[in-house]
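Here's the structure, in structure tokens; my notes come after.
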Amino acid sequence: MNVKKVVVGLLETNCYILEKGKECLIIDPGDEPHKIEQQINKTVKAIIVTHNHFDHVGGVSYFKEKYGVEVYDYDNLKEGINNISEFMFEVLYMPGHTVDSIVIYFKEEQIMFVGDFIFYHTIGRTDLEGGNFVDMKKSISRLKEYRDITLYPGHGCKTTLEEERINNSYFR
């Protein structure tokens, strides 16, 4: 699977385009749909939203209308194994940043799309509406059960779970 990152909007949100064969998924199309669209050269099968903050959903309507695809998020993805066309992945409910935060885990590739749950050496804010630090700590404990995974956050650079175990004070 190929992962393309497109940074969009004033808050520099990471939108990801996942490509497999002739198909792709769009994760968190937060803004600037035309900038994202320039990176799409496969058949769009769906849009996945890691949480419903404005900077992650701003381009959803555009892509939904243009490609006639379904939008998947906390409300219609079950926790556990899911598949959309050729893409098989696990969904983990990870409240803390928001009550509707999800992580999308592609086991075969050992990659996770974590939205604003985890960032390089830190975590997402818990002081915004729907945030809860106690829930965040529980979600982090759950994430620590995994090994050797690359994390793709909603802002900033990618990281690894090992890097966060060592250098992220919230993991201690």
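FYI, nothing fancy with the structure tokens labels: chains A, B, ... in order, residues from 1 per chain, ligands from 1 as they appear.
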
Legend entry - Selection near range 42-57 of chain A, 9 Å with only C-alpha atoms, sequence-local residues under 3 positions removed, as a ChimeraX atom specification: /A:8-15,19-31,60-61,63-64,67-74,84-85,97-104,113-116,154

Store the residues picked out above, limited to C-alpha atoms, as a short mmCIF file (atom, residue, chain, number, x, y, z; two decimals), in the first residue's frame.
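File written: part24.cif
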data_model
loop_
_atom_site.label_atom_id
_atom_site.label_comp_id
_atom_site.auth_asym_id
_atom_site.auth_seq_id
_atom_site.Cartn_x
_atom_site.Cartn_y
_atom_site.Cartn_z
CA VAL A 8 -3.96 21.34 4.09
CA GLY A 9 -5.57 24.37 5.73
CA LEU A 10 -4.51 26.98 8.26
CA LEU A 11 -3.94 24.34 10.94
CA GLU A 12 -1.77 22.27 8.56
CA THR A 13 -3.87 19.13 8.84
CA ASN A 14 -2.48 15.93 7.36
CA CYS A 15 -4.78 14.38 4.79
CA GLU A 19 -3.45 3.60 -2.60
CA LYS A 20 -3.80 -0.09 -3.27
CA GLY A 21 -3.93 -1.39 -6.83
CA LYS A 22 -6.22 0.92 -8.78
CA GLU A 23 -8.13 2.16 -5.73
CA CYS A 24 -7.64 4.69 -2.95
CA LEU A 25 -9.10 5.87 0.33
CA ILE A 26 -8.98 9.45 1.58
CA ILE A 27 -8.38 9.95 5.30
CA ASP A 28 -9.22 13.32 6.91
CA PRO A 29 -9.74 15.65 3.94
CA GLY A 30 -9.64 18.73 6.17
CA ASP A 31 -9.50 21.59 3.67
CA VAL A 60 -15.62 15.83 3.10
CA SER A 61 -18.69 17.25 1.33
CA PHE A 63 -15.29 14.54 -2.15
CA LYS A 64 -18.54 12.84 -1.20
CA TYR A 67 -17.00 10.80 -6.22
CA GLY A 68 -20.33 9.61 -4.80
CA VAL A 69 -18.60 7.68 -2.03
CA GLU A 70 -19.49 6.85 1.55
CA VAL A 71 -17.98 8.67 4.50
CA TYR A 72 -16.88 6.42 7.37
CA ASP A 73 -16.23 7.48 10.95
CA TYR A 74 -16.96 6.54 14.55
CA ILE A 84 -13.76 -1.21 2.24
CA SER A 85 -13.20 -2.76 -1.17
CA HIS A 97 -9.01 14.03 22.23
CA THR A 98 -12.69 13.65 21.33
CA VAL A 99 -15.33 11.06 22.20
CA ASP A 100 -15.44 10.02 18.53
CA SER A 101 -11.70 9.54 17.98
CA ILE A 102 -10.78 6.40 16.06
CA VAL A 103 -7.50 4.83 15.02
CA ILE A 104 -7.28 2.99 11.72
CA PHE A 113 -3.65 6.57 11.25
CA VAL A 114 -4.16 8.18 14.64
CA GLY A 115 -5.79 11.56 13.90
CA ASP A 116 -5.18 13.97 16.78
CA GLY A 154 -3.36 14.41 11.99
#

Legend entry - From A:Lys66, A:Phe106, A:Phe133, A:Glu37, residue lying nearest Ile81 in chain A [only C-alpha atoms]: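 Smallest distance to Ile81 in chain A is found for A:Phe106.
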
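The shortest atom-to-atom distance to Gln110 in chain A, with only C-alpha atoms taken into account, belongs to A:Met1 out of A:Ile17, A:Met136, A:Leu128, A:Met1.
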
Please identify which residues in chain A DSSP calls strand (DSSP E) from the backbone, and express them as a PDB file with N, CA and C atoms, in the first residue's frame.
ATOM      1  N   ASN A   2       0.501   2.215  -0.780  1.00  0.00           N
ATOM      2  CA  ASN A   2       1.223   3.476  -0.859  1.00  0.00           C
ATOM      3  C   ASN A   2       0.465   4.535  -0.062  1.00  0.00           C
ATOM      4  N   VAL A   3       1.190   5.340   0.711  1.00  0.00           N
ATOM      5  CA  VAL A   3       0.595   6.403   1.520  1.00  0.00           C
ATOM      6  C   VAL A   3       1.122   7.744   1.022  1.00  0.00           C
ATOM      7  N   LYS A   4       0.182   8.622   0.630  1.00  0.00           N
ATOM      8  CA  LYS A   4       0.538   9.989   0.258  1.00  0.00           C
ATOM      9  C   LYS A   4       0.001  10.930   1.337  1.00  0.00           C
ATOM     10  N   LYS A   5       0.809  11.905   1.714  1.00  0.00           N
ATOM     11  CA  LYS A   5       0.395  12.904   2.695  1.00  0.00           C
ATOM     12  C   LYS A   5       0.253  14.245   2.001  1.00  0.00           C
ATOM     13  N   VAL A   6      -0.884  14.903   2.258  1.00  0.00           N
ATOM     14  CA  VAL A   6      -1.122  16.243   1.734  1.00  0.00           C
ATOM     15  C   VAL A   6      -1.463  17.129   2.927  1.00  0.00           C
ATOM     16  N   VAL A   7      -0.684  18.166   3.168  1.00  0.00           N
ATOM     17  CA  VAL A   7      -0.902  19.070   4.297  1.00  0.00           C
ATOM     18  C   VAL A   7      -1.818  20.209   3.819  1.00  0.00           C
ATOM     19  N   VAL A   8      -2.942  20.389   4.539  1.00  0.00           N
ATOM     20  CA  VAL A   8      -3.956  21.343   4.093  1.00  0.00           C
ATOM     21  C   VAL A   8      -4.429  22.269   5.214  1.00  0.00           C
ATOM     22  N   THR A  13      -3.351  20.471   8.573  1.00  0.00           N
ATOM     23  CA  THR A  13      -3.867  19.130   8.844  1.00  0.00           C
ATOM     24  C   THR A  13      -3.324  18.154   7.809  1.00  0.00           C
ATOM     25  N   ASN A  14      -2.935  16.979   8.267  1.00  0.00           N
ATOM     26  CA  ASN A  14      -2.481  15.927   7.365  1.00  0.00           C
ATOM     27  C   ASN A  14      -3.682  15.180   6.802  1.00  0.00           C
ATOM     28  N   CYS A  15      -3.829  15.230   5.495  1.00  0.00           N
ATOM     29  CA  CYS A  15      -4.777  14.378   4.786  1.00  0.00           C
ATOM     30  C   CYS A  15      -3.945  13.260   4.170  1.00  0.00           C
ATOM     31  N   TYR A  16      -4.454  12.042   4.241  1.00  0.00           N
ATOM     32  CA  TYR A  16      -3.728  10.914   3.676  1.00  0.00           C
ATOM     33  C   TYR A  16      -4.536  10.278   2.559  1.00  0.00           C
ATOM     34  N   ILE A  17      -3.832   9.901   1.499  1.00  0.00           N
ATOM     35  CA  ILE A  17      -4.427   9.145   0.407  1.00  0.00           C
ATOM     36  C   ILE A  17      -3.732   7.791   0.416  1.00  0.00           C
ATOM     37  N   LEU A  18      -4.523   6.742   0.656  1.00  0.00           N
ATOM     38  CA  LEU A  18      -3.979   5.384   0.694  1.00  0.00           C
ATOM     39  C   LEU A  18      -4.291   4.710  -0.629  1.00  0.00           C
ATOM     40  N   GLU A  19      -3.272   4.221  -1.294  1.00  0.00           N
ATOM     41  CA  GLU A  19      -3.451   3.597  -2.597  1.00  0.00           C
ATOM     42  C   GLU A  19      -3.137   2.108  -2.539  1.00  0.00           C
ATOM     43  N   LYS A  20      -4.002   1.346  -3.166  1.00  0.00           N
ATOM     44  CA  LYS A  20      -3.797  -0.093  -3.271  1.00  0.00           C
ATOM     45  C   LYS A  20      -4.356  -0.507  -4.625  1.00  0.00           C
ATOM     46  N   GLU A  23      -7.172   1.507  -6.618  1.00  0.00           N
ATOM     47  CA  GLU A  23      -8.129   2.160  -5.726  1.00  0.00           C
ATOM     48  C   GLU A  23      -7.416   2.984  -4.660  1.00  0.00           C
ATOM     49  N   CYS A  24      -8.189   3.912  -4.072  1.00  0.00           N
ATOM     50  CA  CYS A  24      -7.636   4.685  -2.955  1.00  0.00           C
ATOM     51  C   CYS A  24      -8.722   5.044  -1.956  1.00  0.00           C
ATOM     52  N   LEU A  25      -8.279   5.320  -0.739  1.00  0.00           N
ATOM     53  CA  LEU A  25      -9.102   5.865   0.332  1.00  0.00           C
ATOM     54  C   LEU A  25      -8.538   7.241   0.677  1.00  0.00           C
ATOM     55  N   ILE A  26      -9.419   8.139   1.113  1.00  0.00           N
ATOM     56  CA  ILE A  26      -8.982   9.453   1.584  1.00  0.00           C
ATOM     57  C   ILE A  26      -9.261   9.511   3.080  1.00  0.00           C
ATOM     58  N   ILE A  27      -8.223   9.818   3.852  1.00  0.00           N
ATOM     59  CA  ILE A  27      -8.378   9.954   5.303  1.00  0.00           C
ATOM     60  C   ILE A  27      -8.226  11.428   5.676  1.00  0.00           C
ATOM     61  N   THR A  43      -9.047   5.252  -8.302  1.00  0.00           N
ATOM     62  CA  THR A  43     -10.487   5.326  -8.057  1.00  0.00           C
ATOM     63  C   THR A  43     -10.746   5.481  -6.569  1.00  0.00           C
ATOM     64  N   VAL A  44     -11.400   6.567  -6.187  1.00  0.00           N
ATOM     65  CA  VAL A  44     -11.712   6.816  -4.780  1.00  0.00           C
ATOM     66  C   VAL A  44     -12.832   5.879  -4.350  1.00  0.00           C
ATOM     67  N   LYS A  45     -12.590   5.093  -3.302  1.00  0.00           N
ATOM     68  CA  LYS A  45     -13.575   4.130  -2.812  1.00  0.00           C
ATOM     69  C   LYS A  45     -14.323   4.626  -1.587  1.00  0.00           C
ATOM     70  N   ALA A  46     -13.707   5.494  -0.785  1.00  0.00           N
ATOM     71  CA  ALA A  46     -14.368   5.982   0.434  1.00  0.00           C
ATOM     72  C   ALA A  46     -13.527   7.082   1.073  1.00  0.00           C
ATOM     73  N   ILE A  47     -14.165   7.749   2.024  1.00  0.00           N
ATOM     74  CA  ILE A  47     -13.510   8.739   2.869  1.00  0.00           C
ATOM     75  C   ILE A  47     -13.612   8.226   4.304  1.00  0.00           C
ATOM     76  N   ILE A  48     -12.512   8.318   5.049  1.00  0.00           N
ATOM     77  CA  ILE A  48     -12.523   7.946   6.468  1.00  0.00           C
ATOM     78  C   ILE A  48     -12.120   9.179   7.277  1.00  0.00           C
ATOM     79  N   GLU A  70     -19.057   6.833   0.147  1.00  0.00           N
ATOM     80  CA  GLU A  70     -19.487   6.846   1.548  1.00  0.00           C
ATOM     81  C   GLU A  70     -18.411   7.489   2.425  1.00  0.00           C
ATOM     82  N   VAL A  71     -18.876   8.116   3.491  1.00  0.00           N
ATOM     83  CA  VAL A  71     -17.980   8.670   4.504  1.00  0.00           C
ATOM     84  C   VAL A  71     -18.075   7.780   5.738  1.00  0.00           C
ATOM     85  N   TYR A  72     -16.926   7.312   6.210  1.00  0.00           N
ATOM     86  CA  TYR A  72     -16.882   6.417   7.366  1.00  0.00           C
ATOM     87  C   TYR A  72     -16.206   7.124   8.531  1.00  0.00           C
ATOM     88  N   GLY A  80     -13.062  -3.068  15.580  1.00  0.00           N
ATOM     89  CA  GLY A  80     -12.644  -4.384  15.110  1.00  0.00           C
ATOM     90  C   GLY A  80     -12.334  -4.328  13.621  1.00  0.00           C
ATOM     91  N   ILE A  81     -12.377  -5.489  12.979  1.00  0.00           N
ATOM     92  CA  ILE A  81     -11.997  -5.611  11.573  1.00  0.00           C
ATOM     93  C   ILE A  81     -13.092  -5.055  10.662  1.00  0.00           C
ATOM     94  N   ASN A  82     -12.673  -4.234   9.726  1.00  0.00           N
ATOM     95  CA  ASN A  82     -13.551  -3.640   8.720  1.00  0.00           C
ATOM     96  C   ASN A  82     -12.869  -3.793   7.368  1.00  0.00           C
ATOM     97  N   ASN A  83     -13.649  -3.725   6.316  1.00  0.00           N
ATOM     98  CA  ASN A  83     -13.034  -3.635   5.003  1.00  0.00           C
ATOM     99  C   ASN A  83     -13.877  -2.760   4.093  1.00  0.00           C
ATOM    100  N   ILE A  84     -13.162  -2.035   3.277  1.00  0.00           N
ATOM    101  CA  ILE A  84     -13.758  -1.211   2.237  1.00  0.00           C
ATOM    102  C   ILE A  84     -13.042  -1.610   0.959  1.00  0.00           C
ATOM    103  N   PHE A  87      -9.334  -2.767   0.865  1.00  0.00           N
ATOM    104  CA  PHE A  87      -8.654  -2.310   2.071  1.00  0.00           C
ATOM    105  C   PHE A  87      -9.243  -2.988   3.306  1.00  0.00           C
ATOM    106  N   MET A  88      -8.422  -3.772   4.005  1.00  0.00           N
ATOM    107  CA  MET A  88      -8.843  -4.392   5.261  1.00  0.00           C
ATOM    108  C   MET A  88      -8.057  -3.737   6.389  1.00  0.00           C
ATOM    109  N   PHE A  89      -8.781  -3.352   7.445  1.00  0.00           N
ATOM    110  CA  PHE A  89      -8.144  -2.637   8.538  1.00  0.00           C
ATOM    111  C   PHE A  89      -8.936  -2.863   9.819  1.00  0.00           C
ATOM    112  N   GLU A  90      -8.275  -2.564  10.921  1.00  0.00           N
ATOM    113  CA  GLU A  90      -8.915  -2.641  12.230  1.00  0.00           C
ATOM    114  C   GLU A  90      -9.207  -1.221  12.709  1.00  0.00           C
ATOM    115  N   VAL A  91     -10.383  -1.041  13.283  1.00  0.00           N
ATOM    116  CA  VAL A  91     -10.749   0.234  13.880  1.00  0.00           C
ATOM    117  C   VAL A  91     -10.690   0.089  15.392  1.00  0.00           C
ATOM    118  N   LEU A  92     -10.034   1.045  16.031  1.00  0.00           N
ATOM    119  CA  LEU A  92      -9.945   1.094  17.487  1.00  0.00           C
ATOM    120  C   LEU A  92     -10.580   2.390  17.945  1.00  0.00           C
ATOM    121  N   TYR A  93     -11.540   2.305  18.846  1.00  0.00           N
ATOM    122  CA  TYR A  93     -12.105   3.507  19.445  1.00  0.00           C
ATOM    123  C   TYR A  93     -11.110   3.999  20.488  1.00  0.00           C
ATOM    124  N   ILE A 102     -11.091   7.778  16.440  1.00  0.00           N
ATOM    125  CA  ILE A 102     -10.776   6.403  16.060  1.00  0.00           C
ATOM    126  C   ILE A 102      -9.350   6.342  15.526  1.00  0.00           C
ATOM    127  N   VAL A 103      -8.782   5.146  15.618  1.00  0.00           N
ATOM    128  CA  VAL A 103      -7.496   4.831  15.024  1.00  0.00           C
ATOM    129  C   VAL A 103      -7.767   3.778  13.965  1.00  0.00           C
ATOM    130  N   ILE A 104      -7.125   3.933  12.826  1.00  0.00           N
ATOM    131  CA  ILE A 104      -7.276   2.991  11.724  1.00  0.00           C
ATOM    132  C   ILE A 104      -5.952   2.247  11.594  1.00  0.00           C
ATOM    133  N   TYR A 105      -5.987   0.935  11.812  1.00  0.00           N
ATOM    134  CA  TYR A 105      -4.777   0.108  11.876  1.00  0.00           C
ATOM    135  C   TYR A 105      -4.754  -0.877  10.718  1.00  0.00           C
ATOM    136  N   PHE A 106      -3.713  -0.773   9.908  1.00  0.00           N
ATOM    137  CA  PHE A 106      -3.479  -1.710   8.824  1.00  0.00           C
ATOM    138  C   PHE A 106      -2.393  -2.675   9.290  1.00  0.00           C
ATOM    139  N   ILE A 111       0.916  -0.054  10.074  1.00  0.00           N
ATOM    140  CA  ILE A 111       0.745   1.391  10.139  1.00  0.00           C
ATOM    141  C   ILE A 111      -0.602   1.727  10.764  1.00  0.00           C
ATOM    142  N   MET A 112      -0.626   2.855  11.471  1.00  0.00           N
ATOM    143  CA  MET A 112      -1.847   3.360  12.101  1.00  0.00           C
ATOM    144  C   MET A 112      -2.031   4.824  11.745  1.00  0.00           C
ATOM    145  N   PHE A 113      -3.273   5.180  11.449  1.00  0.00           N
ATOM    146  CA  PHE A 113      -3.649   6.568  11.250  1.00  0.00           C
ATOM    147  C   PHE A 113      -4.362   6.987  12.525  1.00  0.00           C
ATOM    148  N   VAL A 114      -3.749   7.910  13.264  1.00  0.00           N
ATOM    149  CA  VAL A 114      -4.162   8.181  14.636  1.00  0.00           C
ATOM    150  C   VAL A 114      -4.861   9.528  14.834  1.00  0.00           C
ATOM    151  N   GLY A 115      -5.115  10.269  13.758  1.00  0.00           N
ATOM    152  CA  GLY A 115      -5.787  11.564  13.899  1.00  0.00           C
ATOM    153  C   GLY A 115      -5.049  12.452  14.881  1.00  0.00           C
ATOM    154  N   ILE A 118      -2.405  10.978  18.934  1.00  0.00           N
ATOM    155  CA  ILE A 118      -0.974  10.995  19.262  1.00  0.00           C
ATOM    156  C   ILE A 118      -0.254  11.836  18.211  1.00  0.00           C
ATOM    157  N   PHE A 119       0.706  12.626  18.662  1.00  0.00           N
ATOM    158  CA  PHE A 119       1.604  13.365  17.777  1.00  0.00           C
ATOM    159  C   PHE A 119       3.035  12.986  18.148  1.00  0.00           C
ATOM    160  N   THR A 122       4.110  13.886  21.785  1.00  0.00           N
ATOM    161  CA  THR A 122       3.045  14.468  22.599  1.00  0.00           C
ATOM    162  C   THR A 122       1.708  13.808  22.252  1.00  0.00           C
ATOM    163  N   ILE A 123       0.629  14.378  22.777  1.00  0.00           N
ATOM    164  CA  ILE A 123      -0.719  13.853  22.518  1.00  0.00           C
ATOM    165  C   ILE A 123      -1.619  15.008  22.080  1.00  0.00           C
ATOM    166  N   THR A 150       4.219   2.167  12.702  1.00  0.00           N
ATOM    167  CA  THR A 150       4.411   3.550  12.288  1.00  0.00           C
ATOM    168  C   THR A 150       3.095   4.278  12.484  1.00  0.00           C
ATOM    169  N   LEU A 151       3.161   5.445  13.117  1.00  0.00           N
ATOM    170  CA  LEU A 151       1.974   6.238  13.414  1.00  0.00           C
ATOM    171  C   LEU A 151       1.916   7.452  12.492  1.00  0.00           C
ATOM    172  N   TYR A 152       0.774   7.624  11.839  1.00  0.00           N
ATOM    173  CA  TYR A 152       0.528   8.769  10.969  1.00  0.00           C
ATOM    174  C   TYR A 152      -0.476   9.690  11.664  1.00  0.00           C
ATOM    175  N   PRO A 153      -0.010  10.809  12.227  1.00  0.00           N
ATOM    176  CA  PRO A 153      -0.893  11.705  12.984  1.00  0.00           C
ATOM    177  C   PRO A 153      -1.620  12.710  12.094  1.00  0.00           C
ATOM    178  N   THR A 159       5.639   9.183  13.155  1.00  0.00           N
ATOM    179  CA  THR A 159       6.507   8.709  14.225  1.00  0.00           C
ATOM    180  C   THR A 159       6.307   7.199  14.341  1.00  0.00           C
ATOM    181  N   THR A 160       6.924   6.614  15.334  1.00  0.00           N
ATOM    182  CA  THR A 160       6.713   5.188  15.582  1.00  0.00           C
ATOM    183  C   THR A 160       6.265   4.998  17.023  1.00  0.00           C
TER     184      THR A 160
END

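Here the question is which of A:Pro95, A:Gly59, A:Cys157, A:Asn132 gets nearest to Phe117 in chain A using only C-alpha atoms, and that residue is A:Pro95.
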
Inset, instruction - Using only C-alpha atoms, pick whichever of A:Arg125, A:Gly131, A:Lys107, A:Ser169 has the shortest atom-to-atom distance to Arg147 in chain A. - result: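 Nearest to Arg147 in chain A: A:Lys107.
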